[in-house]
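J.: My file is my_file10.txt. It has compact mmCIF, C-alpha atoms and all ligand atoms:
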```txt
# COMPACT_ATOMS: atom_id res chain seq x y z
CA MET A 30 20.22 14.27 20.67
CA ASN A 31 17.98 12.72 17.97
CA ILE A 32 16.64 9.24 18.73
CA ILE A 33 14.50 6.71 16.91
CA LEU A 34 12.40 4.44 19.16
CA LEU A 35 11.85 1.23 17.27
CA GLY A 36 9.67 -1.71 18.25
CA PRO A 37 6.38 -3.39 17.37
CA PRO A 38 3.02 -1.92 18.37
CA GLY A 39 2.72 -1.96 22.16
CA ALA A 40 6.49 -2.22 22.75
CA GLY A 41 6.37 0.91 24.91
CA LYS A 42 7.64 3.58 22.51
CA GLY A 43 5.05 6.18 23.48
CA THR A 44 5.43 5.39 27.18
CA GLN A 45 9.20 5.85 27.08
CA ALA A 46 8.89 8.93 24.86
CA GLN A 47 6.83 10.56 27.63
CA HIS A 48 9.70 9.91 30.05
CA LEU A 49 12.31 11.30 27.64
CA ILE A 50 10.24 14.44 27.12
CA ALA A 51 9.92 14.99 30.87
CA ALA A 52 13.51 14.08 31.73
CA ARG A 53 15.38 15.60 28.79
CA GLY A 54 13.03 18.05 27.12
CA LEU A 55 13.16 16.17 23.84
CA VAL A 56 10.39 16.74 21.28
CA GLN A 57 8.32 13.68 20.32
CA LEU A 58 7.42 13.21 16.68
CA SER A 59 4.85 10.40 16.48
CA THR A 60 3.44 9.84 13.00
CA GLY A 61 0.61 7.79 14.55
CA ASP A 62 -0.41 10.82 16.67
CA MET A 63 -0.12 13.12 13.65
CA LEU A 64 -2.31 10.82 11.56
CA ARG A 65 -4.93 10.51 14.32
CA GLU A 66 -5.00 14.31 14.55
CA ALA A 67 -5.43 14.48 10.76
CA ILE A 68 -8.40 12.09 11.02
CA ARG A 69 -9.96 14.17 13.80
CA SER A 70 -9.70 17.33 11.73
CA ALA A 71 -10.91 15.48 8.57
CA SER A 72 -7.97 16.87 6.57
CA PRO A 73 -7.11 15.31 3.16
CA VAL A 74 -4.30 13.33 4.85
CA GLY A 75 -6.76 12.07 7.46
CA LEU A 76 -9.28 11.01 4.85
CA ARG A 77 -6.56 9.12 3.03
CA ALA A 78 -5.22 7.40 6.14
CA LYS A 79 -8.40 6.47 8.04
CA ALA A 80 -9.34 3.14 6.44
CA LEU A 81 -5.70 1.98 6.28
CA MET A 82 -5.16 2.71 9.97
CA GLU A 83 -8.41 1.01 10.98
CA ALA A 84 -7.25 -2.08 9.08
CA GLY A 85 -3.78 -1.98 10.68
CA ALA A 86 -2.04 -1.35 7.35
CA LEU A 87 0.71 1.22 6.83
CA VAL A 88 -0.19 4.52 5.20
CA PRO A 89 1.87 5.47 2.11
CA ASP A 90 5.47 6.56 2.70
CA GLU A 91 5.06 9.95 1.03
CA VAL A 92 2.23 10.86 3.42
CA VAL A 93 4.28 10.28 6.58
CA ASN A 94 7.49 11.65 5.06
CA GLU A 95 5.67 14.92 4.39
CA LEU A 96 4.21 15.02 7.91
CA ILE A 97 7.69 14.62 9.40
CA ALA A 98 9.23 17.21 7.08
CA ALA A 99 6.58 19.74 8.10
CA ARG A 100 7.18 19.08 11.81
CA LEU A 101 10.94 19.36 11.47
CA ASP A 102 10.43 22.74 9.83
CA ALA A 103 7.94 23.87 12.47
CA ALA A 104 10.47 23.11 15.26
CA PRO A 105 13.88 24.50 14.28
CA ALA A 106 17.06 22.45 14.76
CA GLY A 107 18.05 22.16 18.39
CA ALA A 108 14.54 22.96 19.62
CA GLY A 109 14.02 21.24 22.95
CA GLY A 110 17.36 19.47 22.73
CA GLY A 111 16.42 17.09 19.93
CA PHE A 112 13.75 14.79 18.55
CA ILE A 113 12.34 11.40 19.43
CA PHE A 114 11.01 9.65 16.34
CA ASP A 115 8.23 7.36 17.57
CA GLY A 116 6.61 5.04 15.04
CA TYR A 117 8.69 6.51 12.22
CA PRO A 118 10.48 5.35 10.10
CA ARG A 119 8.52 2.14 9.46
CA THR A 120 9.91 1.21 6.02
CA GLU A 121 13.28 1.42 4.33
CA ALA A 122 12.00 4.22 2.07
CA GLN A 123 11.05 6.21 5.19
CA ALA A 124 14.48 5.58 6.74
CA VAL A 125 16.18 6.90 3.61
CA SER A 126 13.85 9.90 3.54
CA LEU A 127 14.54 10.68 7.21
CA ASP A 128 18.29 10.70 6.59
CA ALA A 129 17.80 13.18 3.76
CA LEU A 130 15.42 15.36 5.79
CA LEU A 131 17.89 15.51 8.69
CA ALA A 132 20.94 16.12 6.48
CA GLU A 133 19.17 18.99 4.69
CA ARG A 134 18.65 20.61 8.07
CA GLY A 135 22.15 19.97 9.42
CA MET A 136 21.00 17.28 11.84
CA LYS A 137 21.85 13.63 12.38
CA LEU A 138 20.68 10.56 14.26
CA ASP A 139 22.43 9.69 17.51
CA HIS A 140 20.72 6.45 18.56
CA VAL A 141 18.24 3.93 17.24
CA VAL A 142 16.80 2.20 20.29
CA GLU A 143 15.12 -1.13 19.67
CA LEU A 144 12.70 -2.19 22.41
CA LEU A 145 12.87 -5.99 22.53
CA VAL A 146 9.52 -7.56 23.33
CA ASP A 147 7.75 -10.86 23.22
CA GLU A 148 5.01 -10.67 20.59
CA GLU A 149 2.50 -12.65 22.64
CA ALA A 150 2.63 -10.04 25.42
CA LEU A 151 1.81 -7.30 22.96
CA VAL A 152 -1.80 -8.27 22.42
CA ASP A 153 -2.30 -8.03 26.19
CA ARG A 154 -0.54 -4.67 26.27
CA ILE A 155 -2.47 -3.20 23.38
CA THR A 156 -5.93 -4.41 24.33
CA GLY A 157 -5.43 -2.90 27.82
CA ARG A 158 -4.18 0.47 26.55
CA PHE A 159 -6.11 3.71 27.12
CA SER A 160 -5.20 7.37 27.38
CA CYS A 161 -6.41 10.64 28.82
CA ALA A 162 -8.82 12.34 26.41
CA MET A 163 -7.57 15.77 27.48
CA CYS A 164 -3.76 15.56 27.64
CA GLY A 165 -3.03 12.20 26.00
CA GLU A 166 -1.18 10.65 28.94
CA GLY A 167 -0.99 6.88 28.36
CA TYR A 168 -2.33 4.23 30.75
CA HIS A 169 -2.97 0.49 30.95
CA ASP A 170 -5.76 -1.51 32.60
CA ARG A 171 -3.25 -3.57 34.57
CA TYR A 172 0.27 -2.12 34.19
CA LYS A 173 -0.31 1.60 34.58
CA LEU A 174 -3.55 2.71 36.20
CA PRO A 175 -4.09 6.36 37.23
CA LYS A 176 -2.91 6.91 40.82
CA VAL A 177 -6.37 8.21 41.77
CA ALA A 178 -9.00 5.98 40.15
CA GLY A 179 -10.73 7.65 37.21
CA ARG A 180 -8.55 10.80 37.27
CA CYS A 181 -5.62 11.51 34.96
CA ASP A 182 -2.32 11.81 36.91
CA VAL A 183 -1.22 14.74 34.77
CA CYS A 184 -4.31 16.91 34.23
CA ALA A 185 -6.97 15.35 36.56
CA SER A 186 -9.43 14.92 33.68
CA ALA A 187 -12.01 12.14 34.19
CA GLU A 188 -12.31 11.45 30.45
CA PHE A 189 -10.34 8.62 28.88
CA LYS A 190 -10.32 7.09 25.40
CA ARG A 191 -9.28 3.93 23.58
CA ARG A 192 -7.96 3.66 20.03
CA PRO A 193 -10.26 2.03 17.45
CA ASP A 194 -7.31 0.02 16.09
CA ASP A 195 -6.40 -1.44 19.51
CA ASN A 196 -8.27 -4.70 19.03
CA GLU A 197 -6.74 -8.16 18.70
CA ALA A 198 -7.41 -8.67 14.97
CA THR A 199 -5.86 -5.33 14.00
CA VAL A 200 -2.94 -5.82 16.36
CA ARG A 201 -2.05 -9.06 14.58
CA THR A 202 -2.03 -7.23 11.23
CA ARG A 203 0.08 -4.41 12.67
CA MET A 204 2.59 -6.93 14.03
CA ALA A 205 2.79 -8.64 10.66
CA GLU A 206 3.43 -5.24 9.04
CA TYR A 207 6.18 -4.61 11.60
CA ARG A 208 7.83 -7.95 10.90
CA ALA A 209 7.60 -7.60 7.12
CA LYS A 210 8.45 -3.93 6.61
CA THR A 211 9.89 -2.32 9.76
CA ALA A 212 12.18 -4.92 11.35
CA PRO A 213 14.13 -5.18 8.05
CA ILE A 214 15.34 -1.57 8.43
CA LEU A 215 17.45 -2.49 11.48
CA PRO A 216 20.47 -3.59 9.39
CA TYR A 217 20.39 -0.18 7.68
CA TYR A 218 21.16 1.40 11.05
CA GLU A 219 23.33 -1.45 12.37
CA ALA A 220 25.73 -0.84 9.52
CA ARG A 221 26.26 2.63 10.98
CA GLY A 222 26.64 1.39 14.56
CA LEU A 223 23.54 3.27 15.75
CA VAL A 224 21.43 0.44 17.16
CA ARG A 225 21.08 0.02 20.94
CA ARG A 226 18.82 -2.61 22.49
CA VAL A 227 16.70 -2.46 25.62
CA ASP A 228 14.61 -5.20 27.25
CA GLY A 229 11.09 -3.90 26.69
CA MET A 230 9.52 -6.72 28.72
CA ALA A 231 10.75 -5.30 32.02
CA PRO A 232 8.39 -3.10 34.08
CA ILE A 233 7.99 0.47 32.79
CA ALA A 234 10.30 2.02 35.43
CA GLU A 235 13.06 -0.48 34.66
CA VAL A 236 12.88 0.13 30.92
CA GLN A 237 13.15 3.83 31.77
CA ARG A 238 16.29 3.24 33.85
CA ALA A 239 17.86 1.10 31.14
CA LEU A 240 17.16 3.80 28.59
CA ASP A 241 18.67 6.49 30.85
CA ALA A 242 21.78 4.39 31.39
CA LEU A 243 22.15 3.90 27.67
CA LEU A 244 21.62 7.53 26.71
CA GLY A 245 23.78 8.95 29.49
CA GLU A 246 22.91 11.48 32.15
CA ALA A 247 20.21 14.01 31.24
CA GLY A 248 21.15 17.60 30.73
P1 LIG S 1 3.78 1.82 21.61
O1 LIG S 1 3.87 3.34 21.63
O2 LIG S 1 5.10 1.16 21.36
O3 LIG S 1 2.71 1.29 20.69
P2 LIG S 1 2.78 2.16 24.36
O4 LIG S 1 3.89 2.96 24.96
O5 LIG S 1 1.53 2.88 24.02
O6 LIG S 1 3.35 1.35 23.06
O7 LIG S 1 2.48 0.94 25.33
C1 LIG S 1 1.39 0.05 25.07
C2 LIG S 1 0.64 -0.24 26.38
O8 LIG S 1 1.48 -1.02 27.24
C3 LIG S 1 0.26 1.02 27.17
O9 LIG S 1 -1.03 0.80 27.75
C4 LIG S 1 1.37 1.13 28.25
O10 LIG S 1 0.86 1.72 29.44
C5 LIG S 1 1.77 -0.33 28.46
N1 LIG S 1 3.20 -0.50 28.67
C6 LIG S 1 4.22 0.19 28.09
N2 LIG S 1 5.42 -0.26 28.52
C7 LIG S 1 5.16 -1.28 29.39
C8 LIG S 1 5.98 -2.16 30.18
N3 LIG S 1 7.33 -2.08 30.14
N4 LIG S 1 5.35 -3.08 30.94
C9 LIG S 1 3.99 -3.17 30.96
N5 LIG S 1 3.16 -2.36 30.26
C10 LIG S 1 3.74 -1.43 29.49
P1 LIG S 2 1.04 3.98 15.94
O1 LIG S 2 0.34 5.10 16.63
O2 LIG S 2 2.51 4.23 15.75
O3 LIG S 2 0.74 2.63 16.54
O4 LIG S 2 0.45 3.95 14.45
C1 LIG S 2 -0.93 3.69 14.22
C2 LIG S 2 -1.17 3.46 12.73
O5 LIG S 2 -0.84 4.67 11.99
C3 LIG S 2 -0.34 2.37 12.07
O6 LIG S 2 -0.93 1.08 12.23
C4 LIG S 2 -0.33 2.83 10.60
O7 LIG S 2 -1.58 2.56 9.97
C5 LIG S 2 -0.23 4.35 10.74
N1 LIG S 2 1.18 4.82 10.79
C6 LIG S 2 1.77 5.47 11.83
N2 LIG S 2 3.04 5.77 11.54
C7 LIG S 2 3.27 5.31 10.29
C8 LIG S 2 4.40 5.29 9.42
N3 LIG S 2 5.57 5.80 9.81
N4 LIG S 2 4.27 4.70 8.20
C9 LIG S 2 3.10 4.19 7.81
N5 LIG S 2 2.00 4.15 8.57
C10 LIG S 2 2.07 4.70 9.80
```
What does the file become when written as structure tokens?
Ligand code: ADP
Ligand code: AMP
T.:
Amino acid sequence: MNIILLGPPGAGKGTQAQHLIAARGLVQLSTGDMLREAIRSASPVGLRAKALMEAGALVPDEVVNELIAARLDAAPAGAGGGFIFDGYPRTEAQAVSLDALLAERGMKLDHVVELLVDEEALVDRITGRFSCAMCGEGYHDRYKLPKVAGRCDVCASAEFKRRPDDNEATVRTRMAEYRAKTAPILPYYEARGLVRRVDGMAPIAEVQRALDALLGEAG
């Protein structure tokens, strides 16, 4: 099963991807994570993307298309039961490229899940976001604190980090980018009957249940 998780920054794509990985063994392909890794390793892609990401602007299509192509090749078709595309595609050119990349590899999309959220809540979600510095598990200052204060639920690390682009000014730019360039790709998938919608404003566990109901029983 290959799924796109679509929704503005802070909609809960990464949070729900973690659930889908655990419950269904799907493989997450997050271009944001790939770009942050490229910045950490100071690769040419990272050097190209850094200032754009800090400003909340999209990086060029060919950069992310190539990252996705490389990951699809690294994990052969059927690996882990399918892919979750998280934060990709973000433009119509990326959507067209993804179709070609999948077709070349004998794969196809099964669902495009749009997480419906209220934009005003997103600033609150994003400015409260943090993650484990060791394993990357995601948390929130109010909505998802570690069960034992100061210790990651997954790996027990005491080190956490926040993203440099998770500030209010950048979030507003990222939302504007979503509205202008990403939301317009929905009709591309609607025409093929692939779009499913989930209320992303519900508590995390409820969004999870809605997603499970929509995707059918795991396994
Ligand atoms: P995205 O990957 O779409 O940018 P995240 O999954 O990282 O968004 O979620 C953004 C923040 O909001 C995180 O801190 C996460 O813990 C929190 N969050 C995610 N889903 C919900 C929800 N349904 N209700 C409240 N907080 C949520
Ligand atoms: P995310 O982790 O999905 O919130 O993405 C963080 C930032 O990485 C975005 O604000 C963009 O600058 C960049 N980015 C991630 N994915 C893409 C993409 N598919 N296309 C263009 N830019 C992207």
J.: Which residue out of A:Thr156, A:Val146, A:Pro193, A:Leu151 has the minimum interatomic distance to Ala80 of chain A when only C-alpha atoms are used?
T.: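 Of the candidates, the smallest distance to Ala80 of chain A is held by A:Pro193.
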J.: Which residues are near ligand LIG 2 (chain S) - at most 6 Å, using all atoms listed in the file? Format: as a PyMOL selection string.
T.: chain A and resi 38+60-62+81-82+85-90+93+116-119+203
J.: Write the selection just made, keeping C-alpha atoms, as a PDB file, in the frame of the given file?
T.:
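Result saved to again.pdb:
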```pdb
ATOM      1  CA  PRO A  38       3.020  -1.920  18.370  1.00  0.00           C
ATOM      2  CA  THR A  60       3.440   9.840  13.000  1.00  0.00           C
ATOM      3  CA  GLY A  61       0.610   7.790  14.550  1.00  0.00           C
ATOM      4  CA  ASP A  62      -0.410  10.820  16.670  1.00  0.00           C
ATOM      5  CA  LEU A  81      -5.700   1.980   6.280  1.00  0.00           C
ATOM      6  CA  MET A  82      -5.160   2.710   9.970  1.00  0.00           C
ATOM      7  CA  GLY A  85      -3.780  -1.980  10.680  1.00  0.00           C
ATOM      8  CA  ALA A  86      -2.040  -1.350   7.350  1.00  0.00           C
ATOM      9  CA  LEU A  87       0.710   1.220   6.830  1.00  0.00           C
ATOM     10  CA  VAL A  88      -0.190   4.520   5.200  1.00  0.00           C
ATOM     11  CA  PRO A  89       1.870   5.470   2.110  1.00  0.00           C
ATOM     12  CA  ASP A  90       5.470   6.560   2.700  1.00  0.00           C
ATOM     13  CA  VAL A  93       4.280  10.280   6.580  1.00  0.00           C
ATOM     14  CA  GLY A 116       6.610   5.040  15.040  1.00  0.00           C
ATOM     15  CA  TYR A 117       8.690   6.510  12.220  1.00  0.00           C
ATOM     16  CA  PRO A 118      10.480   5.350  10.100  1.00  0.00           C
ATOM     17  CA  ARG A 119       8.520   2.140   9.460  1.00  0.00           C
ATOM     18  CA  ARG A 203       0.080  -4.410  12.670  1.00  0.00           C
TER      19      ARG A 203
END
```
J.: Taking all atoms listed in the file into account, which residues are within 7 Å of ligand LIG 1 (chain S), as number ranges by chain?
T.: A: 36-45, 154-155, 157-159, 167-169, 172-173, 229-233, 236
J.: Grab the atom CA of Ala84 of chain A to atom CA of Glu197 of chain A distance for me, in Å with one decimal place.
T.: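 Calculated distance between atom CA of Ala84 of chain A and atom CA of Glu197 of chain A is 11.4 Å.
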J.: Pick the closest to Glu121 of chain A from A:Tyr218, A:Glu246, A:Glu188, A:Arg238: which is it, counting only C-alpha atoms?
T.: A:Tyr218
J.: Record the distance separating atom CA of Pro175 of chain A and atom CA of Cys161 of chain A, expressed in Å with one decimal.
T.: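 Separating atom CA of Pro175 of chain A from atom CA of Cys161 of chain A is a distance of 9.7 Å.
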J.: Using all atoms listed in the file, find the one residue out of A:Glu166, A:Glu133, A:Glu143, A:Glu206 that sits nearest to Val227 of chain A.
T.: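 For Val227 of chain A, the nearest of the candidates is A:Glu143.
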J.: Kindly give the distance, in Å, that separates atom CA of Arg191 of chain A and atom CA of Leu240 of chain A, rounded to a single decimal.
T.: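 Here the two named atoms are 26.9 Å from each other.
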J.: Closest to Asp228 of chain A among A:Pro73, A:Met136, A:Leu96, A:Leu144, using all atoms listed in the file?
T.: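 Result for the nearest residue to Asp228 of chain A: A:Leu144.
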J.: Pick from A:Ile214, A:Ile113, A:Met204, A:Ala129: nearest to Ala150 of chain A, with all atoms listed in the file counted?
T.: A:Met204
J.: Determine the nearest neighbour of Glu219 of chain A from the options A:Ala52, A:Ile68, A:Val141, A:Ala98, counting all atoms listed in the file.
T.: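 Of A:Ala52, A:Ile68, A:Val141, A:Ala98, the one nearest Glu219 of chain A, counting all atoms listed in the file, is A:Val141.
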J.: Give me, as an MDAnalysis selection string, all polymer residues having an atom no more than 12 Å from Arg221 of chain A, counting only C-alpha atoms and skipping those fewer than 4 positions away in the same chain.
T.: chainID A and resid 137:141 214:217 225
